[in-house]
Amino acid sequence: MVETMTIHAHGTASRIRARGAADRVTIPPMIARLSGRIAAVESDALVVDVGGVGYRVYVPLPVLAAAGQEGDAVALHTHLHVREAELTLYGALDAATLAAFQLVQTVSGIGPRVALAMLSTFDATTLQSAIAAEDVDALVGVPGVGRKIAQRIVLELKGKVAGLPFAPAAGGGWGDGGFGAGGAQADAIAALTALGYTPAEARRAVASAGLDAEATVEDHVRAALQALARG
């Protein structure tokens, strides 16, 4: 007999075939949140120590910048992506960012890696605004998103993002002085754009620089230029 087991994890479903009874078993969402200490900070992930077990959680670049250093306490909202051969955790500091991460994956052709790139380029509110405004050019700047996929994102999600509470909570991945209008990071992005960089390149560079909310516009621009020079 072959059992077909469906695992649901934060909206992700995958069928795993195993020997056993013919009944179908549905497992409820798993690992929706992790709270522990940062064991390691990697280029695109945090390793979180929870009770002596290290969980690798892939996160957007602004989360890497905001989460802290090794040994610091951290709590992440997580999404467990289930495939036949692997279980992969993705996370964010706030529920709004995780909701945006999950929403874009409802579009055909968008997987978790591209969704992660989108949330490394935009905060949740800016992404919502870009989709609602049908700003295909902004979406094309995301690595892995071509014009056809960007158009599909707008077509499939513009009616879904209206009214969604995507503004990140206090302490979220982008901080109070983040990419929103009037913030130092937003002004730095505008300055980099004036220098000839695309908005997507500017956002990624400012995010990867990882400066805190107290940094000035000049600090952000200087650090972002150094990040761009390193490639």
# chains A, B, ... in the order shown; residues from 1 in each chain; ligands from 1

call {"tool": "closest_atom_pairs", "arguments": {"of": "range 130-164 of chain A", "to": "range 103-121 of chain A", "cutoff": "9 Å", "atoms": "only C-alpha atoms", "output": "Markdown table"}}
result
| residue | atom | partner | partner_atom | distance |
| --- | --- | --- | --- | --- |
| A:Leu139 | CA | A:Met118 | CA | 8.0 |
| A:Gly141 | CA | A:Thr121 | CA | 8.5 |
| A:Val142 | CA | A:Met118 | CA | 5.9 |
| A:Pro143 | CA | A:Ala117 | CA | 6.4 |
| A:Gly144 | CA | A:Val114 | CA | 6.0 |
| A:Val145 | CA | A:Val114 | CA | 7.4 |
| A:Ile149 | CA | A:Gly109 | CA | 7.3 |
| A:Arg152 | CA | A:Val107 | CA | 7.3 |
| A:Ile153 | CA | A:Val107 | CA | 6.2 |
| A:Glu156 | CA | A:Val107 | CA | 6.7 |
| A:Leu157 | CA | A:Val104 | CA | 7.7 |
| A:Lys160 | CA | A:Leu103 | CA | 8.8 |
| A:Val161 | CA | A:Leu103 | CA | 8.8 |

call {"tool": "residues_around", "arguments": {"residues": "range 45-59 of chain A", "least_positions_apart": "6", "cutoff": "7 Å", "atoms": "only C-alpha atoms", "output": "list of chain:residue names"}}
result
A:Ser35, A:Gly36, A:Arg37, A:Ile38, A:Ala39, A:Leu89, A:Tyr90, A:Gly91, A:Ala92, A:Leu116

call {"tool": "residues_around", "arguments": {"residues": "Ala209 in chain A", "least_positions_apart": "6", "cutoff": "12 Å", "atoms": "only C-alpha atoms", "output": "list in words"}}
result
Leu61, Pro62, Val63, Leu64, Ala65, Ala66, Gln185, Ala188, Ala202, Arg203, Ala215, Asp219, His220, Val221, Arg222, Ala223, Ala224, Leu225, Gln226, Ala227, Leu228, Ala229 and Arg230 of chain A

call {"tool": "closest_residue", "arguments": {"among": "A:Leu211, A:Ala32, A:Val154, A:Leu98", "to": "Ala67 in chain A", "atoms": "only C-alpha atoms"}}
result
A:Leu211

call {"tool": "atom_distance", "arguments": {"atom1": "CA of Leu80 in chain A", "atom2": "CA of Asp123 in chain A"}}
result
20.7 Å

call {"tool": "closest_residue", "arguments": {"among": "A:Ile189, A:Ala150, A:Ala75, A:Ala130", "to": "Ala207 in chain A", "atoms": "only C-alpha atoms"}}
result
A:Ile189

call {"tool": "closest_residue", "arguments": {"among": "A:Leu195, A:Ser43, A:Arg33, A:Thr88", "to": "Val74 in chain A", "atoms": "only C-alpha atoms"}}
result
A:Arg33

call {"tool": "atom_distance", "arguments": {"atom1": "CA of Leu87 in chain A", "atom2": "CA of Leu34 in chain A"}}
result
15.2 Å

call {"tool": "select_by_dssp", "arguments": {"residues": "range 26-198 of chain A", "states": "strand (DSSP E)", "output": "PyMOL selection string"}}
result
chain A and resi 26-27+33-41+45-50+53-58+73-82+87-92

call {"tool": "write_last_selection", "arguments": {"atoms": "N, CA and C atoms", "output": "CSV table (one decimal), in the first residue's frame"}}
result
chain,number,residue,atom,x,y,z
A,26,THR,N,-3.3,14.8,6.9
A,26,THR,CA,-3.0,16.2,6.7
A,26,THR,C,-2.3,16.7,8.0
A,27,ILE,N,-1.1,17.2,7.9
A,27,ILE,CA,-0.4,17.7,9.0
A,27,ILE,C,-0.6,19.3,9.1
A,33,ARG,N,7.0,29.9,13.8
A,33,ARG,CA,7.7,31.0,14.5
A,33,ARG,C,8.9,30.4,15.2
A,34,LEU,N,10.0,31.0,15.2
A,34,LEU,CA,11.2,30.6,15.9
A,34,LEU,C,11.7,31.7,16.9
A,35,SER,N,12.0,31.3,18.1
A,35,SER,CA,12.6,32.3,19.0
A,35,SER,C,13.8,31.7,19.7
A,36,GLY,N,15.0,32.3,19.6
A,36,GLY,CA,16.2,31.8,20.1
A,36,GLY,C,17.3,32.8,20.1
A,37,ARG,N,18.5,32.3,19.8
A,37,ARG,CA,19.7,33.2,19.7
A,37,ARG,C,20.4,32.9,18.4
A,38,ILE,N,21.0,34.0,17.8
A,38,ILE,CA,21.6,33.9,16.6
A,38,ILE,C,22.9,33.1,16.7
A,39,ALA,N,23.0,32.0,16.1
A,39,ALA,CA,24.3,31.2,16.1
A,39,ALA,C,25.2,31.5,15.0
A,40,ALA,N,24.7,32.0,13.9
A,40,ALA,CA,25.6,32.4,12.8
A,40,ALA,C,24.8,33.4,11.9
A,41,VAL,N,25.5,34.3,11.3
A,41,VAL,CA,24.9,35.2,10.3
A,41,VAL,C,25.6,34.9,9.0
A,45,ALA,N,21.2,34.1,5.2
A,45,ALA,CA,20.4,33.4,6.2
A,45,ALA,C,20.9,33.6,7.6
A,46,LEU,N,20.1,33.4,8.5
A,46,LEU,CA,20.4,33.3,9.9
A,46,LEU,C,20.3,31.9,10.4
A,47,VAL,N,21.3,31.5,11.2
A,47,VAL,CA,21.2,30.2,11.9
A,47,VAL,C,20.7,30.5,13.3
A,48,VAL,N,19.6,30.1,13.7
A,48,VAL,CA,19.0,30.4,15.0
A,48,VAL,C,19.0,29.1,15.9
A,49,ASP,N,19.7,29.3,17.1
A,49,ASP,CA,19.8,28.2,18.0
A,49,ASP,C,18.6,28.3,18.9
A,50,VAL,N,17.8,27.2,18.8
A,50,VAL,CA,16.6,27.0,19.7
A,50,VAL,C,16.7,25.7,20.5
A,53,VAL,N,19.3,23.3,19.1
A,53,VAL,CA,19.1,22.9,17.7
A,53,VAL,C,19.3,24.1,16.8
A,54,GLY,N,20.1,24.1,15.8
A,54,GLY,CA,20.3,25.2,14.9
A,54,GLY,C,19.4,25.1,13.7
A,55,TYR,N,18.6,26.1,13.5
A,55,TYR,CA,17.7,26.2,12.3
A,55,TYR,C,18.2,27.3,11.3
A,56,ARG,N,18.5,26.9,10.1
A,56,ARG,CA,18.9,27.9,9.1
A,56,ARG,C,17.7,28.5,8.5
A,57,VAL,N,17.5,29.8,8.6
A,57,VAL,CA,16.4,30.5,8.1
A,57,VAL,C,16.8,31.5,7.0
A,58,TYR,N,16.4,31.4,5.8
A,58,TYR,CA,16.7,32.3,4.8
A,58,TYR,C,15.8,33.6,4.9
A,73,ALA,N,19.5,37.7,20.9
A,73,ALA,CA,18.2,37.0,20.9
A,73,ALA,C,17.5,37.5,19.6
A,74,VAL,N,16.7,36.6,19.0
A,74,VAL,CA,15.9,36.9,17.8
A,74,VAL,C,14.6,36.1,17.8
A,75,ALA,N,13.6,36.7,17.2
A,75,ALA,CA,12.3,36.0,17.0
A,75,ALA,C,11.9,36.2,15.6
A,76,LEU,N,11.6,35.1,14.8
A,76,LEU,CA,11.3,35.2,13.4
A,76,LEU,C,10.0,34.6,13.1
A,77,HIS,N,9.1,35.2,12.3
A,77,HIS,CA,8.0,34.6,11.7
A,77,HIS,C,8.5,33.8,10.6
A,78,THR,N,8.1,32.5,10.5
A,78,THR,CA,8.7,31.7,9.5
A,78,THR,C,7.7,31.0,8.5
A,79,HIS,N,8.2,30.6,7.4
A,79,HIS,CA,7.4,29.9,6.4
A,79,HIS,C,8.2,28.7,6.0
A,80,LEU,N,7.6,27.5,6.2
A,80,LEU,CA,8.3,26.2,5.9
A,80,LEU,C,7.9,25.8,4.4
A,81,HIS,N,8.9,25.8,3.6
A,81,HIS,CA,8.7,25.4,2.2
A,81,HIS,C,9.0,23.9,2.1
A,82,VAL,N,8.1,23.2,1.6
A,82,VAL,CA,8.2,21.7,1.6
A,82,VAL,C,8.3,21.2,0.1
A,87,LEU,N,13.2,20.3,3.2
A,87,LEU,CA,12.4,21.3,3.9
A,87,LEU,C,13.3,22.5,4.1
A,88,THR,N,12.8,23.7,3.7
A,88,THR,CA,13.5,24.9,3.8
A,88,THR,C,12.8,26.0,4.5
A,89,LEU,N,13.4,26.6,5.5
A,89,LEU,CA,12.7,27.7,6.3
A,89,LEU,C,13.1,29.1,5.7
A,90,TYR,N,12.1,29.9,5.6
A,90,TYR,CA,12.3,31.3,5.2
A,90,TYR,C,11.6,32.1,6.3
A,91,GLY,N,12.1,33.3,6.6
A,91,GLY,CA,11.6,34.1,7.7
A,91,GLY,C,11.7,35.6,7.6
A,92,ALA,N,11.1,36.3,8.5
A,92,ALA,CA,11.1,37.7,8.6
A,92,ALA,C,10.8,38.2,10.0

call {"tool": "closest_residue", "arguments": {"among": "A:Lys148, A:Asp187, A:Asp44, A:Glu86", "to": "Thr216 in chain A", "atoms": "only C-alpha atoms"}}
result
A:Asp187
